[in-house]
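As provided, run-v8.txt (compact mmCIF, N, CA, C and O atoms) reads as follows.
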```txt
# COMPACT_ATOMS: atom_id res chain seq x y z
N MET V 1 107.88 55.88 -62.68
CA MET V 1 107.65 55.87 -61.25
C MET V 1 108.76 55.09 -60.56
O MET V 1 108.99 53.93 -60.86
N ALA V 2 109.38 55.72 -59.65
CA ALA V 2 110.51 55.10 -58.97
C ALA V 2 110.07 54.22 -57.80
O ALA V 2 110.84 53.41 -57.32
N ASN V 3 108.83 54.35 -57.36
CA ASN V 3 108.38 53.65 -56.17
C ASN V 3 107.65 52.34 -56.46
O ASN V 3 106.94 51.83 -55.61
N LYS V 4 107.77 51.80 -57.66
CA LYS V 4 107.10 50.55 -57.98
C LYS V 4 107.80 49.37 -57.32
O LYS V 4 109.02 49.31 -57.27
N ARG V 5 107.01 48.42 -56.85
CA ARG V 5 107.58 47.19 -56.33
C ARG V 5 107.97 46.30 -57.50
O ARG V 5 107.28 46.26 -58.51
N LYS V 6 109.03 45.54 -57.34
CA LYS V 6 109.48 44.68 -58.43
C LYS V 6 108.78 43.33 -58.42
O LYS V 6 108.70 42.67 -59.43
N LEU V 7 108.31 42.89 -57.26
CA LEU V 7 107.52 41.66 -57.12
C LEU V 7 108.24 40.41 -57.60
O LEU V 7 107.61 39.41 -57.93
N GLY V 8 109.56 40.45 -57.67
CA GLY V 8 110.33 39.27 -58.05
C GLY V 8 110.15 38.85 -59.50
O GLY V 8 110.30 37.68 -59.83
N ARG V 9 109.81 39.79 -60.37
CA ARG V 9 109.54 39.49 -61.77
C ARG V 9 110.34 40.44 -62.66
O ARG V 9 110.69 41.54 -62.26
N ARG V 10 110.56 40.01 -63.91
CA ARG V 10 111.12 40.91 -64.91
C ARG V 10 110.06 41.97 -65.23
O ARG V 10 108.88 41.78 -64.98
N THR V 11 110.48 43.06 -65.82
CA THR V 11 109.58 44.18 -66.07
C THR V 11 108.39 43.78 -66.94
O THR V 11 107.24 44.11 -66.64
N ASP V 12 108.65 43.06 -68.04
CA ASP V 12 107.55 42.70 -68.93
C ASP V 12 106.57 41.74 -68.25
O ASP V 12 105.35 41.88 -68.40
N HIS V 13 107.08 40.80 -67.49
CA HIS V 13 106.21 39.86 -66.78
C HIS V 13 105.39 40.58 -65.70
O HIS V 13 104.20 40.33 -65.54
N ARG V 14 106.02 41.49 -64.97
CA ARG V 14 105.34 42.25 -63.92
C ARG V 14 104.23 43.11 -64.50
O ARG V 14 103.10 43.12 -63.99
N ASN V 15 104.51 43.81 -65.59
CA ASN V 15 103.48 44.66 -66.20
C ASN V 15 102.32 43.84 -66.74
O ASN V 15 101.16 44.23 -66.60
N THR V 16 102.61 42.70 -67.34
CA THR V 16 101.56 41.82 -67.84
C THR V 16 100.71 41.29 -66.69
O THR V 16 99.48 41.24 -66.79
N MET V 17 101.34 40.90 -65.59
CA MET V 17 100.62 40.38 -64.43
C MET V 17 99.69 41.46 -63.86
O MET V 17 98.52 41.18 -63.55
N LEU V 18 100.17 42.70 -63.75
CA LEU V 18 99.34 43.77 -63.23
C LEU V 18 98.18 44.09 -64.15
O LEU V 18 97.06 44.34 -63.69
N ARG V 19 98.42 44.06 -65.45
CA ARG V 19 97.33 44.30 -66.41
C ARG V 19 96.27 43.21 -66.29
O ARG V 19 95.07 43.50 -66.34
N ASN V 20 96.70 41.95 -66.14
CA ASN V 20 95.75 40.85 -65.97
C ASN V 20 94.95 41.01 -64.68
O ASN V 20 93.74 40.75 -64.65
N GLN V 21 95.61 41.43 -63.60
CA GLN V 21 94.91 41.57 -62.33
C GLN V 21 93.91 42.73 -62.36
O GLN V 21 92.83 42.62 -61.80
N VAL V 22 94.26 43.82 -63.01
CA VAL V 22 93.33 44.94 -63.14
C VAL V 22 92.11 44.51 -63.96
O VAL V 22 90.97 44.81 -63.61
N THR V 23 92.36 43.78 -65.04
CA THR V 23 91.26 43.29 -65.87
C THR V 23 90.35 42.37 -65.06
O THR V 23 89.12 42.49 -65.10
N SER V 24 90.93 41.45 -64.29
CA SER V 24 90.13 40.54 -63.47
C SER V 24 89.36 41.28 -62.39
O SER V 24 88.22 40.92 -62.08
N LEU V 25 89.97 42.30 -61.81
CA LEU V 25 89.28 43.08 -60.78
C LEU V 25 88.04 43.76 -61.34
O LEU V 25 86.97 43.74 -60.72
N PHE V 26 88.16 44.33 -62.53
CA PHE V 26 87.00 45.01 -63.12
C PHE V 26 85.94 44.02 -63.59
O PHE V 26 84.76 44.33 -63.58
N GLU V 27 86.34 42.84 -64.00
CA GLU V 27 85.36 41.83 -64.41
C GLU V 27 84.60 41.26 -63.23
O GLU V 27 83.39 41.06 -63.30
N ASN V 28 85.31 40.95 -62.13
CA ASN V 28 84.71 40.22 -61.02
C ASN V 28 84.37 41.08 -59.80
O ASN V 28 83.63 40.63 -58.93
N GLY V 29 84.95 42.26 -59.68
CA GLY V 29 84.68 43.11 -58.53
C GLY V 29 85.62 42.89 -57.36
O GLY V 29 85.74 43.75 -56.50
N ARG V 30 86.26 41.73 -57.28
CA ARG V 30 87.24 41.45 -56.23
C ARG V 30 88.16 40.33 -56.67
O ARG V 30 87.76 39.46 -57.44
N ILE V 31 89.41 40.38 -56.18
CA ILE V 31 90.37 39.33 -56.46
C ILE V 31 91.13 39.02 -55.17
O ILE V 31 91.23 39.86 -54.28
N GLU V 32 91.66 37.81 -55.09
CA GLU V 32 92.48 37.40 -53.96
C GLU V 32 93.91 37.19 -54.45
O GLU V 32 94.14 36.48 -55.42
N THR V 33 94.86 37.83 -53.75
CA THR V 33 96.26 37.78 -54.16
C THR V 33 97.12 38.08 -52.94
O THR V 33 96.61 38.11 -51.82
N THR V 34 98.41 38.28 -53.14
CA THR V 34 99.27 38.64 -52.02
C THR V 34 99.14 40.15 -51.75
O THR V 34 98.68 40.91 -52.60
N ILE V 35 99.58 40.57 -50.58
CA ILE V 35 99.42 41.98 -50.18
C ILE V 35 100.20 42.91 -51.10
O ILE V 35 99.68 43.94 -51.54
N SER V 36 101.44 42.57 -51.42
CA SER V 36 102.24 43.47 -52.26
C SER V 36 101.68 43.57 -53.68
O SER V 36 101.65 44.67 -54.26
N ARG V 37 101.19 42.47 -54.22
CA ARG V 37 100.56 42.53 -55.55
C ARG V 37 99.27 43.33 -55.49
O ARG V 37 98.95 44.08 -56.41
N ALA V 38 98.53 43.17 -54.42
CA ALA V 38 97.26 43.90 -54.29
C ALA V 38 97.50 45.41 -54.24
O ALA V 38 96.77 46.18 -54.84
N LYS V 39 98.56 45.83 -53.53
CA LYS V 39 98.84 47.26 -53.42
C LYS V 39 99.27 47.85 -54.76
O LYS V 39 98.90 48.98 -55.10
N GLU V 40 100.04 47.11 -55.53
CA GLU V 40 100.44 47.58 -56.85
C GLU V 40 99.25 47.60 -57.81
O GLU V 40 99.09 48.52 -58.61
N THR V 41 98.42 46.57 -57.75
CA THR V 41 97.23 46.51 -58.60
C THR V 41 96.28 47.63 -58.25
O THR V 41 95.62 48.21 -59.12
N GLN V 42 96.19 47.95 -56.97
CA GLN V 42 95.31 49.02 -56.51
C GLN V 42 95.68 50.35 -57.15
O GLN V 42 94.81 51.11 -57.58
N LYS V 43 96.98 50.64 -57.25
CA LYS V 43 97.42 51.89 -57.86
C LYS V 43 96.92 52.00 -59.31
O LYS V 43 96.39 53.04 -59.72
N MET V 44 97.11 50.92 -60.07
CA MET V 44 96.74 50.97 -61.48
C MET V 44 95.23 50.96 -61.67
O MET V 44 94.70 51.63 -62.56
N ALA V 45 94.51 50.24 -60.82
CA ALA V 45 93.05 50.20 -60.92
C ALA V 45 92.46 51.58 -60.65
O ALA V 45 91.52 52.01 -61.35
N GLU V 46 93.01 52.28 -59.69
CA GLU V 46 92.49 53.62 -59.38
C GLU V 46 92.78 54.59 -60.53
O GLU V 46 91.96 55.45 -60.83
N LYS V 47 93.92 54.43 -61.20
CA LYS V 47 94.21 55.27 -62.36
C LYS V 47 93.22 54.98 -63.50
O LYS V 47 92.77 55.90 -64.18
N MET V 48 92.89 53.71 -63.70
CA MET V 48 91.94 53.36 -64.75
C MET V 48 90.54 53.90 -64.44
O MET V 48 89.84 54.37 -65.34
N ILE V 49 90.12 53.87 -63.19
CA ILE V 49 88.81 54.40 -62.83
C ILE V 49 88.80 55.91 -63.01
O ILE V 49 87.79 56.48 -63.47
N SER V 50 89.91 56.58 -62.71
CA SER V 50 89.99 58.02 -62.95
C SER V 50 89.88 58.33 -64.43
O SER V 50 89.24 59.32 -64.82
N LEU V 51 90.48 57.50 -65.28
CA LEU V 51 90.31 57.67 -66.73
C LEU V 51 88.85 57.48 -67.12
O LEU V 51 88.32 58.19 -67.97
N GLY V 52 88.20 56.50 -66.50
CA GLY V 52 86.79 56.24 -66.79
C GLY V 52 85.90 57.40 -66.41
O GLY V 52 84.88 57.66 -67.05
N LYS V 53 86.26 58.11 -65.36
CA LYS V 53 85.46 59.26 -64.94
C LYS V 53 85.57 60.42 -65.92
O LYS V 53 84.63 61.19 -66.07
N GLU V 54 86.71 60.55 -66.60
CA GLU V 54 86.87 61.61 -67.59
C GLU V 54 85.94 61.37 -68.79
O GLU V 54 85.34 62.29 -69.31
N ASN V 55 85.87 60.12 -69.25
CA ASN V 55 84.97 59.68 -70.31
C ASN V 55 85.14 60.50 -71.60
O ASN V 55 84.18 60.97 -72.18
N THR V 56 86.39 60.64 -72.04
CA THR V 56 86.66 61.25 -73.33
C THR V 56 87.22 60.16 -74.25
O THR V 56 87.55 59.06 -73.79
N LEU V 57 87.30 60.47 -75.50
CA LEU V 57 87.85 59.50 -76.45
C LEU V 57 89.30 59.17 -76.11
O LEU V 57 89.73 58.02 -76.16
N HIS V 58 90.05 60.20 -75.72
CA HIS V 58 91.45 59.99 -75.37
C HIS V 58 91.59 59.07 -74.15
O HIS V 58 92.41 58.16 -74.15
N SER V 59 90.79 59.31 -73.12
CA SER V 59 90.88 58.47 -71.92
C SER V 59 90.41 57.05 -72.22
O SER V 59 90.95 56.08 -71.68
N ARG V 60 89.43 56.90 -73.09
CA ARG V 60 88.96 55.56 -73.47
C ARG V 60 90.06 54.79 -74.21
O ARG V 60 90.25 53.60 -73.98
N ARG V 61 90.79 55.49 -75.06
CA ARG V 61 91.89 54.83 -75.79
C ARG V 61 93.05 54.50 -74.86
O ARG V 61 93.70 53.47 -75.03
N GLN V 62 93.32 55.35 -73.87
CA GLN V 62 94.37 55.05 -72.90
C GLN V 62 94.00 53.81 -72.09
O GLN V 62 94.85 52.95 -71.83
N ALA V 63 92.74 53.71 -71.66
CA ALA V 63 92.30 52.54 -70.90
C ALA V 63 92.33 51.29 -71.77
O ALA V 63 92.72 50.22 -71.31
N ALA V 64 91.94 51.42 -73.03
CA ALA V 64 91.94 50.27 -73.94
C ALA V 64 93.37 49.80 -74.23
O ALA V 64 93.58 48.61 -74.50
N ALA V 65 94.34 50.70 -74.14
CA ALA V 65 95.72 50.29 -74.34
C ALA V 65 96.26 49.51 -73.15
O ALA V 65 97.21 48.75 -73.28
N TYR V 66 95.65 49.69 -71.97
CA TYR V 66 96.14 49.00 -70.78
C TYR V 66 95.33 47.74 -70.46
O TYR V 66 95.89 46.71 -70.12
N ILE V 67 94.01 47.81 -70.60
CA ILE V 67 93.14 46.67 -70.28
C ILE V 67 93.02 45.79 -71.51
O ILE V 67 92.80 46.28 -72.61
N TYR V 68 93.13 44.47 -71.30
CA TYR V 68 93.17 43.55 -72.43
C TYR V 68 91.85 43.39 -73.16
O TYR V 68 91.81 43.33 -74.37
N LYS V 69 90.74 43.27 -72.45
CA LYS V 69 89.46 42.93 -73.08
C LYS V 69 88.63 44.18 -73.37
O LYS V 69 88.37 44.97 -72.47
N PRO V 70 88.18 44.33 -74.61
CA PRO V 70 87.33 45.48 -74.93
C PRO V 70 86.03 45.49 -74.14
O PRO V 70 85.52 46.56 -73.80
N SER V 71 85.49 44.32 -73.83
CA SER V 71 84.25 44.29 -73.04
C SER V 71 84.47 44.83 -71.63
O SER V 71 83.58 45.44 -71.04
N THR V 72 85.66 44.62 -71.08
CA THR V 72 85.98 45.14 -69.75
C THR V 72 86.15 46.66 -69.79
O THR V 72 85.74 47.35 -68.86
N VAL V 73 86.72 47.18 -70.87
CA VAL V 73 86.84 48.63 -71.03
C VAL V 73 85.44 49.24 -71.11
O VAL V 73 85.16 50.27 -70.47
N GLN V 74 84.56 48.60 -71.85
CA GLN V 74 83.19 49.07 -71.97
C GLN V 74 82.50 49.08 -70.61
O GLN V 74 81.81 50.03 -70.24
N LYS V 75 82.70 48.01 -69.83
CA LYS V 75 82.12 47.92 -68.49
C LYS V 75 82.68 49.00 -67.58
O LYS V 75 81.95 49.61 -66.79
N LEU V 76 83.98 49.29 -67.69
CA LEU V 76 84.61 50.33 -66.88
C LEU V 76 83.95 51.68 -67.14
O LEU V 76 83.61 52.40 -66.19
N PHE V 77 83.75 52.04 -68.39
CA PHE V 77 83.21 53.35 -68.72
C PHE V 77 81.71 53.46 -68.53
O PHE V 77 81.19 54.54 -68.26
N ASP V 78 80.98 52.34 -68.69
CA ASP V 78 79.52 52.40 -68.61
C ASP V 78 78.98 52.10 -67.22
O ASP V 78 77.95 52.66 -66.83
N GLU V 79 79.63 51.23 -66.45
CA GLU V 79 79.07 50.80 -65.17
C GLU V 79 79.93 51.21 -63.98
O GLU V 79 79.41 51.76 -63.00
N ILE V 80 81.22 50.96 -64.03
CA ILE V 80 82.07 51.14 -62.85
C ILE V 80 82.35 52.62 -62.58
O ILE V 80 82.12 53.11 -61.46
N ALA V 81 82.85 53.35 -63.56
CA ALA V 81 83.25 54.75 -63.34
C ALA V 81 82.08 55.66 -62.95
O ALA V 81 82.26 56.51 -62.07
N PRO V 82 80.88 55.54 -63.53
CA PRO V 82 79.78 56.41 -63.10
C PRO V 82 79.39 56.24 -61.63
O PRO V 82 78.88 57.18 -61.02
N GLU V 83 79.66 55.07 -61.04
CA GLU V 83 79.36 54.87 -59.63
C GLU V 83 80.21 55.76 -58.74
O GLU V 83 79.82 56.10 -57.63
N TYR V 84 81.41 56.12 -59.21
CA TYR V 84 82.34 56.90 -58.42
C TYR V 84 82.42 58.36 -58.88
O TYR V 84 83.42 59.03 -58.66
N ALA V 85 81.37 58.86 -59.50
CA ALA V 85 81.39 60.22 -60.07
C ALA V 85 81.62 61.29 -59.00
O ALA V 85 82.35 62.25 -59.24
N GLU V 86 81.05 61.12 -57.81
CA GLU V 86 81.20 62.12 -56.76
C GLU V 86 82.38 61.83 -55.84
O GLU V 86 82.66 62.60 -54.93
N ARG V 87 83.05 60.72 -56.02
CA ARG V 87 84.12 60.31 -55.11
C ARG V 87 85.48 60.76 -55.65
O ARG V 87 85.75 60.60 -56.83
N ASN V 88 86.32 61.29 -54.78
CA ASN V 88 87.65 61.76 -55.18
C ASN V 88 88.71 60.78 -54.72
O ASN V 88 89.46 61.04 -53.79
N GLY V 89 88.82 59.66 -55.36
CA GLY V 89 89.82 58.66 -55.01
C GLY V 89 89.29 57.66 -54.01
O GLY V 89 88.18 57.78 -53.48
N GLY V 90 90.09 56.65 -53.71
CA GLY V 90 89.69 55.62 -52.76
C GLY V 90 88.63 54.70 -53.31
O GLY V 90 87.66 54.39 -52.64
N TYR V 91 88.82 54.26 -54.56
CA TYR V 91 87.83 53.42 -55.21
C TYR V 91 87.97 51.94 -54.85
O TYR V 91 87.06 51.17 -55.10
N THR V 92 89.11 51.55 -54.32
CA THR V 92 89.36 50.15 -53.99
C THR V 92 89.84 50.03 -52.55
O THR V 92 90.27 51.01 -51.94
N ARG V 93 89.76 48.81 -52.00
CA ARG V 93 90.29 48.57 -50.66
C ARG V 93 90.99 47.22 -50.63
O ARG V 93 90.63 46.31 -51.37
N VAL V 94 91.99 47.13 -49.74
CA VAL V 94 92.76 45.90 -49.55
C VAL V 94 92.44 45.37 -48.16
O VAL V 94 92.64 46.06 -47.17
N LEU V 95 91.92 44.15 -48.11
CA LEU V 95 91.61 43.49 -46.83
C LEU V 95 92.60 42.35 -46.63
O LEU V 95 92.73 41.49 -47.50
N LYS V 96 93.27 42.33 -45.48
CA LYS V 96 94.26 41.29 -45.22
C LYS V 96 93.55 40.01 -44.74
O LYS V 96 92.63 40.07 -43.95
N LEU V 97 94.03 38.87 -45.24
CA LEU V 97 93.42 37.58 -44.91
C LEU V 97 94.24 36.74 -43.95
O LEU V 97 93.69 36.03 -43.13
N GLY V 98 95.55 36.77 -44.07
CA GLY V 98 96.41 35.92 -43.27
C GLY V 98 97.35 35.15 -44.17
O GLY V 98 97.34 35.31 -45.39
N PRO V 99 98.17 34.28 -43.59
CA PRO V 99 99.19 33.60 -44.40
C PRO V 99 98.60 32.52 -45.31
O PRO V 99 97.61 31.87 -44.97
N ARG V 100 99.24 32.36 -46.46
CA ARG V 100 98.87 31.29 -47.40
C ARG V 100 99.45 29.99 -46.89
O ARG V 100 100.54 29.94 -46.33
N ARG V 101 98.74 28.90 -47.08
CA ARG V 101 99.12 27.63 -46.50
C ARG V 101 100.41 27.06 -47.10
O ARG V 101 101.23 26.48 -46.41
N GLY V 102 100.61 27.24 -48.39
CA GLY V 102 101.75 26.64 -49.06
C GLY V 102 103.09 27.25 -48.69
O GLY V 102 104.02 26.55 -48.30
N ASP V 103 103.19 28.57 -48.78
CA ASP V 103 104.49 29.21 -48.55
C ASP V 103 104.47 30.27 -47.46
O ASP V 103 105.49 30.87 -47.15
N GLY V 104 103.32 30.54 -46.86
CA GLY V 104 103.25 31.47 -45.75
C GLY V 104 103.21 32.93 -46.12
O GLY V 104 103.30 33.78 -45.25
N SER V 105 103.07 33.25 -47.42
CA SER V 105 103.01 34.66 -47.80
C SER V 105 101.64 35.22 -47.42
O SER V 105 100.62 34.52 -47.44
N GLU V 106 101.62 36.51 -47.06
CA GLU V 106 100.40 37.14 -46.61
C GLU V 106 99.42 37.34 -47.78
O GLU V 106 99.80 37.91 -48.79
N ARG V 107 98.19 36.91 -47.61
CA ARG V 107 97.17 37.05 -48.63
C ARG V 107 96.33 38.28 -48.36
O ARG V 107 96.25 38.77 -47.24
N ALA V 108 95.67 38.76 -49.41
CA ALA V 108 94.78 39.92 -49.29
C ALA V 108 93.69 39.82 -50.33
O ALA V 108 93.84 39.15 -51.36
N ILE V 109 92.58 40.48 -50.06
CA ILE V 109 91.50 40.63 -51.03
C ILE V 109 91.50 42.09 -51.48
O ILE V 109 91.51 42.99 -50.66
N LEU V 110 91.51 42.28 -52.79
CA LEU V 110 91.39 43.61 -53.37
C LEU V 110 90.01 43.70 -53.97
O LEU V 110 89.63 42.86 -54.79
N GLU V 111 89.23 44.69 -53.54
CA GLU V 111 87.87 44.80 -54.04
C GLU V 111 87.50 46.25 -54.30
O GLU V 111 88.09 47.17 -53.74
N LEU V 112 86.52 46.43 -55.18
CA LEU V 112 85.99 47.75 -55.45
C LEU V 112 85.09 48.15 -54.30
O LEU V 112 84.35 47.34 -53.77
N VAL V 113 85.15 49.41 -53.89
CA VAL V 113 84.36 49.89 -52.75
C VAL V 113 82.92 50.04 -53.19
O VAL V 113 82.62 50.50 -54.24
```
So, in terms of structure tokens, how does the structure I just supplied come out?
Amino acid sequence: MANKRKLGRRTDHRNTMLRNQVTSLFENGRIETTISRAKETQKMAEKMISLGKENTLHSRRQAAAYIYKPSTVQKLFDEIAPEYAERNGGYTRVLKLGPRRGDGSERAILELV
């Protein structure tokens, strides 16, 4: 994908950070981060939920290769994906909060709809 944001990180660090954020989003239902990170995490989270809707062995293994915790993969396929069975995309939303006190970067909440 040519349109990925670099987020000021090396490729391996950026991919690890996004995987951690997707895992946290599925565990907790919402996370607070910067707007650019939230938008990148949103892309990957929606892809994982689409895999969960397929519910095949292949899609389960693809999700398990991306999400770190097996319990979170189980939760994705058993609880999260069935909620969106009739929905065609738009599983998450980004809500803007305002500037962060320390450095002034724009904060956002990423949550499951």
Q: May I have the residues within 10 Å of V:Ile31 as a ChimeraX atom specification, using only C-alpha atoms and disregarding those fewer than 2 positions away in the same chain?
A: /V:21-22,24-29,33-34,38,94,108-112
Q: Step one, run DSSP on the backbone; step two, keep only residues of chain V assigned to strand (DSSP E); then write them as an MDAnalysis selection string.
A: chainID V and resid 30:34 92:99 106:112
For the residues in that selection, give me N, CA, C and O atoms as a PDB file, keeping the file's coordinate frame.
```pdb
ATOM      1  N   ARG V  30      86.260  41.730 -57.280  1.00  0.00           N
ATOM      2  CA  ARG V  30      87.240  41.450 -56.230  1.00  0.00           C
ATOM      3  C   ARG V  30      88.160  40.330 -56.670  1.00  0.00           C
ATOM      4  O   ARG V  30      87.760  39.460 -57.440  1.00  0.00           O
ATOM      5  N   ILE V  31      89.410  40.380 -56.180  1.00  0.00           N
ATOM      6  CA  ILE V  31      90.370  39.330 -56.460  1.00  0.00           C
ATOM      7  C   ILE V  31      91.130  39.020 -55.170  1.00  0.00           C
ATOM      8  O   ILE V  31      91.230  39.860 -54.280  1.00  0.00           O
ATOM      9  N   GLU V  32      91.660  37.810 -55.090  1.00  0.00           N
ATOM     10  CA  GLU V  32      92.480  37.400 -53.960  1.00  0.00           C
ATOM     11  C   GLU V  32      93.910  37.190 -54.450  1.00  0.00           C
ATOM     12  O   GLU V  32      94.140  36.480 -55.420  1.00  0.00           O
ATOM     13  N   THR V  33      94.860  37.830 -53.750  1.00  0.00           N
ATOM     14  CA  THR V  33      96.260  37.780 -54.160  1.00  0.00           C
ATOM     15  C   THR V  33      97.120  38.080 -52.940  1.00  0.00           C
ATOM     16  O   THR V  33      96.610  38.110 -51.820  1.00  0.00           O
ATOM     17  N   THR V  34      98.410  38.280 -53.140  1.00  0.00           N
ATOM     18  CA  THR V  34      99.270  38.640 -52.020  1.00  0.00           C
ATOM     19  C   THR V  34      99.140  40.150 -51.750  1.00  0.00           C
ATOM     20  O   THR V  34      98.680  40.910 -52.600  1.00  0.00           O
ATOM     21  N   THR V  92      89.110  51.550 -54.320  1.00  0.00           N
ATOM     22  CA  THR V  92      89.360  50.150 -53.990  1.00  0.00           C
ATOM     23  C   THR V  92      89.840  50.030 -52.550  1.00  0.00           C
ATOM     24  O   THR V  92      90.270  51.010 -51.940  1.00  0.00           O
ATOM     25  N   ARG V  93      89.760  48.810 -52.000  1.00  0.00           N
ATOM     26  CA  ARG V  93      90.290  48.570 -50.660  1.00  0.00           C
ATOM     27  C   ARG V  93      90.990  47.220 -50.630  1.00  0.00           C
ATOM     28  O   ARG V  93      90.630  46.310 -51.370  1.00  0.00           O
ATOM     29  N   VAL V  94      91.990  47.130 -49.740  1.00  0.00           N
ATOM     30  CA  VAL V  94      92.760  45.900 -49.550  1.00  0.00           C
ATOM     31  C   VAL V  94      92.440  45.370 -48.160  1.00  0.00           C
ATOM     32  O   VAL V  94      92.640  46.060 -47.170  1.00  0.00           O
ATOM     33  N   LEU V  95      91.920  44.150 -48.110  1.00  0.00           N
ATOM     34  CA  LEU V  95      91.610  43.490 -46.830  1.00  0.00           C
ATOM     35  C   LEU V  95      92.600  42.350 -46.630  1.00  0.00           C
ATOM     36  O   LEU V  95      92.730  41.490 -47.500  1.00  0.00           O
ATOM     37  N   LYS V  96      93.270  42.330 -45.480  1.00  0.00           N
ATOM     38  CA  LYS V  96      94.260  41.290 -45.220  1.00  0.00           C
ATOM     39  C   LYS V  96      93.550  40.010 -44.740  1.00  0.00           C
ATOM     40  O   LYS V  96      92.630  40.070 -43.950  1.00  0.00           O
ATOM     41  N   LEU V  97      94.030  38.870 -45.240  1.00  0.00           N
ATOM     42  CA  LEU V  97      93.420  37.580 -44.910  1.00  0.00           C
ATOM     43  C   LEU V  97      94.240  36.740 -43.950  1.00  0.00           C
ATOM     44  O   LEU V  97      93.690  36.030 -43.130  1.00  0.00           O
ATOM     45  N   GLY V  98      95.550  36.770 -44.070  1.00  0.00           N
ATOM     46  CA  GLY V  98      96.410  35.920 -43.270  1.00  0.00           C
ATOM     47  C   GLY V  98      97.350  35.150 -44.170  1.00  0.00           C
ATOM     48  O   GLY V  98      97.340  35.310 -45.390  1.00  0.00           O
ATOM     49  N   PRO V  99      98.170  34.280 -43.590  1.00  0.00           N
ATOM     50  CA  PRO V  99      99.190  33.600 -44.400  1.00  0.00           C
ATOM     51  C   PRO V  99      98.600  32.520 -45.310  1.00  0.00           C
ATOM     52  O   PRO V  99      97.610  31.870 -44.970  1.00  0.00           O
ATOM     53  N   GLU V 106     101.620  36.510 -47.060  1.00  0.00           N
ATOM     54  CA  GLU V 106     100.400  37.140 -46.610  1.00  0.00           C
ATOM     55  C   GLU V 106      99.420  37.340 -47.780  1.00  0.00           C
ATOM     56  O   GLU V 106      99.800  37.910 -48.790  1.00  0.00           O
ATOM     57  N   ARG V 107      98.190  36.910 -47.610  1.00  0.00           N
ATOM     58  CA  ARG V 107      97.170  37.050 -48.630  1.00  0.00           C
ATOM     59  C   ARG V 107      96.330  38.280 -48.360  1.00  0.00           C
ATOM     60  O   ARG V 107      96.250  38.770 -47.240  1.00  0.00           O
ATOM     61  N   ALA V 108      95.670  38.760 -49.410  1.00  0.00           N
ATOM     62  CA  ALA V 108      94.780  39.920 -49.290  1.00  0.00           C
ATOM     63  C   ALA V 108      93.690  39.820 -50.330  1.00  0.00           C
ATOM     64  O   ALA V 108      93.840  39.150 -51.360  1.00  0.00           O
ATOM     65  N   ILE V 109      92.580  40.480 -50.060  1.00  0.00           N
ATOM     66  CA  ILE V 109      91.500  40.630 -51.030  1.00  0.00           C
ATOM     67  C   ILE V 109      91.500  42.090 -51.480  1.00  0.00           C
ATOM     68  O   ILE V 109      91.510  42.990 -50.660  1.00  0.00           O
ATOM     69  N   LEU V 110      91.510  42.280 -52.790  1.00  0.00           N
ATOM     70  CA  LEU V 110      91.390  43.610 -53.370  1.00  0.00           C
ATOM     71  C   LEU V 110      90.010  43.700 -53.970  1.00  0.00           C
ATOM     72  O   LEU V 110      89.630  42.860 -54.790  1.00  0.00           O
ATOM     73  N   GLU V 111      89.230  44.690 -53.540  1.00  0.00           N
ATOM     74  CA  GLU V 111      87.870  44.800 -54.040  1.00  0.00           C
ATOM     75  C   GLU V 111      87.500  46.250 -54.300  1.00  0.00           C
ATOM     76  O   GLU V 111      88.090  47.170 -53.740  1.00  0.00           O
ATOM     77  N   LEU V 112      86.520  46.430 -55.180  1.00  0.00           N
ATOM     78  CA  LEU V 112      85.990  47.750 -55.450  1.00  0.00           C
ATOM     79  C   LEU V 112      85.090  48.150 -54.300  1.00  0.00           C
ATOM     80  O   LEU V 112      84.350  47.340 -53.770  1.00  0.00           O
TER      81      LEU V 112
END
```
Q. Per DSSP on the backbone, what are the alpha helix (DSSP H) residues of chain V, as a VMD selection string?
A. chain V and resid 11 to 28 35 to 54 57 to 66 70 to 75 81 to 83
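The two atoms in question, atom CA of V:Lys69 and atom CA of V:Arg5, are spaced 25.0 Å apart.
With atom CA of V:Phe77 on one side and atom CA of V:Met44 on the other, the separation reads 15.5 Å.
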Let me have the centre and edge lengths in Å, one decimal, of the box along x, y and z around every listed atom of stretch 90-103 of chain V with 5 Å of margin on each side, as JSON.
```
{"center_x": 96.3, "center_y": 41.6, "center_z": -49.2, "size_x": 28.4, "size_y": 40.2, "size_z": 22.1}
```
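The coordinates place atom CA of V:Ala81 at 7.6 Å from atom C of V:Ser50.
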Q: Point out the residue among V:Val113, V:Ile35, V:Ile49, V:Leu97 with the least atom-to-atom distance to V:Asp78, counting only C-alpha atoms.
A: V:Ile49
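When all atoms listed in the file are used to compute distances to V:Thr41, the closest of the residues V:Gly104, V:Asn55, V:Thr11, V:Arg19 turns out to be V:Arg19.
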Q) Which is closest to V:Pro82 among V:Lys53, V:Lys4, V:Lys39, V:Arg61, if we use only C-alpha atoms? A) V:Lys53
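Each of V:Arg30, V:Lys75, V:Arg93, V:His13 was checked against V:Met48 using only C-alpha atoms; the smallest atom-to-atom distance is that of V:Lys75.
In this comparison, which uses only C-alpha atoms, the residue of V:Asn3, V:Gln74, V:Ser59, V:Gln42 approaching V:Gly89 most closely is V:Gln42.
Between V:Leu95 and the residues V:Glu40, V:Glu46, V:Glu32, V:Glu83, the shortest atom-to-atom distance, using all atoms listed in the file, involves V:Glu32.
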